[in-house]
Amino acid sequence: MEYQRLSQEQAAAQFWDGMRCVANVATTTGNKTLFQAIQVVGQAAMAVGIPIPDTGEFVRCPMCDAMPGQRCINVVGHPLPDHLHPERTERARRLREEIGKP
Ligand SMILES: [Zn+2]
């Protein structure tokens, strides 16, 4: 590992890129323990002020109960236009606002 000085924004982007790699492995292997680890690490990151991506991929989905990092699944009555439920994206947006407050 190399030491590289990064801005807070760059460090956050790099952090979530790494989490995406873990999420991809968790998805392809179906490893629930990895999804739980993503949740724990992600909560710790947010606790120290690293903003979560506003895509919603790293919050639990209120519609299909997908874990942070896990893809949404189809649920009757809740259209899935993209890979994530819009309600999940909204939850992430609200969380970002909340975290941004002093
Ligand atoms: Zn969902």
# chains A, B, ... in the order shown; residues from 1 in each chain; ligands from 1
>>> residues_around(residues="Ile52 of chain A", least_positions_apart="5", cutoff="12 Å", atoms="only C-alpha atoms", output="number ranges by chain")
A: 9, 12-17, 19-20, 39, 41-47, 57-59, 68-69, 89, 91-100
>>> residues_around(residues="segment 76-83 of chain A", least_positions_apart="5", cutoff="10 Å", atoms="only C-alpha atoms", output="PyMOL selection string")
chain A and resi 57+63-64+70-71
>>> write_last_selection(atoms="N, CA and C atoms", output="mmCIF file, in the first residue's frame")
data_model
loop_
_atom_site.group_PDB
_atom_site.id
_atom_site.type_symbol
_atom_site.label_atom_id
_atom_site.label_comp_id
_atom_site.auth_asym_id
_atom_site.auth_seq_id
_atom_site.Cartn_x
_atom_site.Cartn_y
_atom_site.Cartn_z
ATOM 1 N N GLU A 57 -26.903 3.000 -2.830
ATOM 2 C CA GLU A 57 -26.431 1.615 -2.812
ATOM 3 C C GLU A 57 -25.885 1.149 -1.458
ATOM 4 N N MET A 63 -37.818 -0.628 0.760
ATOM 5 C CA MET A 63 -38.841 -1.309 -0.029
ATOM 6 C C MET A 63 -38.619 -2.826 -0.100
ATOM 7 N N CYS A 64 -37.394 -3.256 -0.382
ATOM 8 C CA CYS A 64 -37.147 -4.694 -0.555
ATOM 9 C C CYS A 64 -36.211 -5.257 0.520
ATOM 10 N N GLN A 70 -26.014 -4.505 -1.334
ATOM 11 C CA GLN A 70 -26.768 -5.549 -2.040
ATOM 12 C C GLN A 70 -27.708 -4.909 -3.062
ATOM 13 N N ARG A 71 -27.932 -5.599 -4.162
ATOM 14 C CA ARG A 71 -28.838 -5.062 -5.180
ATOM 15 C C ARG A 71 -30.289 -5.221 -4.741
#
>>> closest_atom_pairs(of="chain A", to="ligand 1", cutoff="8 Å", atoms="only C-alpha atoms and all ligand atoms", output="Markdown table")
| residue | atom | partner | partner_atom_place_in_ligand_line | distance |
| --- | --- | --- | --- | --- |
| A:Arg60 | CA | ligand 1 | 1 (Zn) | 7.9 |
| A:Cys61 | CA | ligand 1 | 1 (Zn) | 4.6 |
| A:Pro62 | CA | ligand 1 | 1 (Zn) | 6.6 |
| A:Met63 | CA | ligand 1 | 1 (Zn) | 4.9 |
| A:Cys64 | CA | ligand 1 | 1 (Zn) | 4.1 |
| A:Asp65 | CA | ligand 1 | 1 (Zn) | 6.1 |
| A:Ala66 | CA | ligand 1 | 1 (Zn) | 5.6 |
| A:Arg71 | CA | ligand 1 | 1 (Zn) | 7.1 |
| A:Cys72 | CA | ligand 1 | 1 (Zn) | 3.8 |
| A:Ile73 | CA | ligand 1 | 1 (Zn) | 5.8 |
| A:Asn74 | CA | ligand 1 | 1 (Zn) | 7.4 |
| A:Val75 | CA | ligand 1 | 1 (Zn) | 7.9 |
| A:Leu80 | CA | ligand 1 | 1 (Zn) | 7.5 |
| A:Leu84 | CA | ligand 1 | 1 (Zn) | 5.5 |
| A:His85 | CA | ligand 1 | 1 (Zn) | 4.5 |
| A:Pro86 | CA | ligand 1 | 1 (Zn) | 8.0 |
| A:Glu87 | CA | ligand 1 | 1 (Zn) | 7.7 |
| A:Arg88 | CA | ligand 1 | 1 (Zn) | 6.3 |
>>> select_by_dssp(residues="segment 18-63 of chain A", states="helix (DSSP H, G or I)", output="PyMOL selection string")
chain A and resi 18-29+32-47
>>> residues_around(residues="Ala26 of chain A", least_positions_apart="3", cutoff="12 Å", atoms="only C-alpha atoms", output="list of chain:residue names")
A:Met19, A:Arg20, A:Cys21, A:Val22, A:Ala23, A:Thr29, A:Gly30, A:Asn31, A:Lys32, A:Thr33, A:Leu34, A:Phe35, A:Gln36, A:Ala37, A:Ile38, A:Met67, A:Pro68, A:Gly69, A:Gln70, A:Arg71
>>> write_last_selection(atoms="N, CA and C atoms", output="short mmCIF file (atom, residue, chain, number, x, y, z; two decimals), in the first residue's frame")
data_model
loop_
_atom_site.label_atom_id
_atom_site.label_comp_id
_atom_site.auth_asym_id
_atom_site.auth_seq_id
_atom_site.Cartn_x
_atom_site.Cartn_y
_atom_site.Cartn_z
N MET A 19 -15.42 -0.18 -1.18
CA MET A 19 -16.62 -0.85 -0.68
C MET A 19 -17.41 -1.48 -1.83
N ARG A 20 -17.40 -0.81 -2.99
CA ARG A 20 -18.08 -1.37 -4.17
C ARG A 20 -17.42 -2.68 -4.59
N CYS A 21 -16.09 -2.74 -4.52
CA CYS A 21 -15.37 -3.98 -4.85
C CYS A 21 -15.80 -5.10 -3.90
N VAL A 22 -15.90 -4.79 -2.62
CA VAL A 22 -16.33 -5.79 -1.64
C VAL A 22 -17.77 -6.22 -1.93
N ALA A 23 -18.61 -5.23 -2.26
CA ALA A 23 -20.02 -5.53 -2.55
C ALA A 23 -20.14 -6.44 -3.78
N THR A 29 -20.55 -14.04 -4.83
CA THR A 29 -20.40 -15.24 -4.00
C THR A 29 -21.63 -15.49 -3.12
N GLY A 30 -22.52 -14.48 -3.03
CA GLY A 30 -23.69 -14.62 -2.17
C GLY A 30 -23.32 -14.66 -0.70
N ASN A 31 -22.24 -13.98 -0.35
CA ASN A 31 -21.71 -14.03 1.02
C ASN A 31 -22.38 -12.97 1.91
N LYS A 32 -23.30 -13.40 2.77
CA LYS A 32 -24.03 -12.47 3.63
C LYS A 32 -23.14 -11.82 4.68
N THR A 33 -22.10 -12.53 5.09
CA THR A 33 -21.17 -11.97 6.09
C THR A 33 -20.48 -10.73 5.54
N LEU A 34 -20.15 -10.76 4.24
CA LEU A 34 -19.53 -9.59 3.62
C LEU A 34 -20.50 -8.41 3.60
N PHE A 35 -21.78 -8.67 3.34
CA PHE A 35 -22.76 -7.58 3.36
C PHE A 35 -22.88 -7.00 4.77
N GLN A 36 -22.83 -7.88 5.78
CA GLN A 36 -22.88 -7.39 7.17
C GLN A 36 -21.64 -6.54 7.47
N ALA A 37 -20.49 -6.97 6.95
CA ALA A 37 -19.25 -6.20 7.17
C ALA A 37 -19.36 -4.84 6.49
N ILE A 38 -19.94 -4.81 5.29
CA ILE A 38 -20.13 -3.54 4.58
C ILE A 38 -20.99 -2.60 5.43
N MET A 67 -29.69 -5.27 1.81
CA MET A 67 -28.68 -4.75 2.73
C MET A 67 -27.79 -3.74 2.01
N PRO A 68 -27.07 -2.89 2.77
CA PRO A 68 -26.12 -1.99 2.13
C PRO A 68 -25.15 -2.77 1.24
N GLY A 69 -25.02 -2.33 0.00
CA GLY A 69 -24.14 -3.01 -0.96
C GLY A 69 -24.85 -4.06 -1.80
N GLN A 70 -26.01 -4.50 -1.33
CA GLN A 70 -26.77 -5.55 -2.04
C GLN A 70 -27.71 -4.91 -3.06
N ARG A 71 -27.93 -5.60 -4.16
CA ARG A 71 -28.84 -5.06 -5.18
C ARG A 71 -30.29 -5.22 -4.74
#
>>> atom_distance(atom1="atom CA of Glu90 of chain A", atom2="atom CA of Gly49 of chain A")
19.0 Å
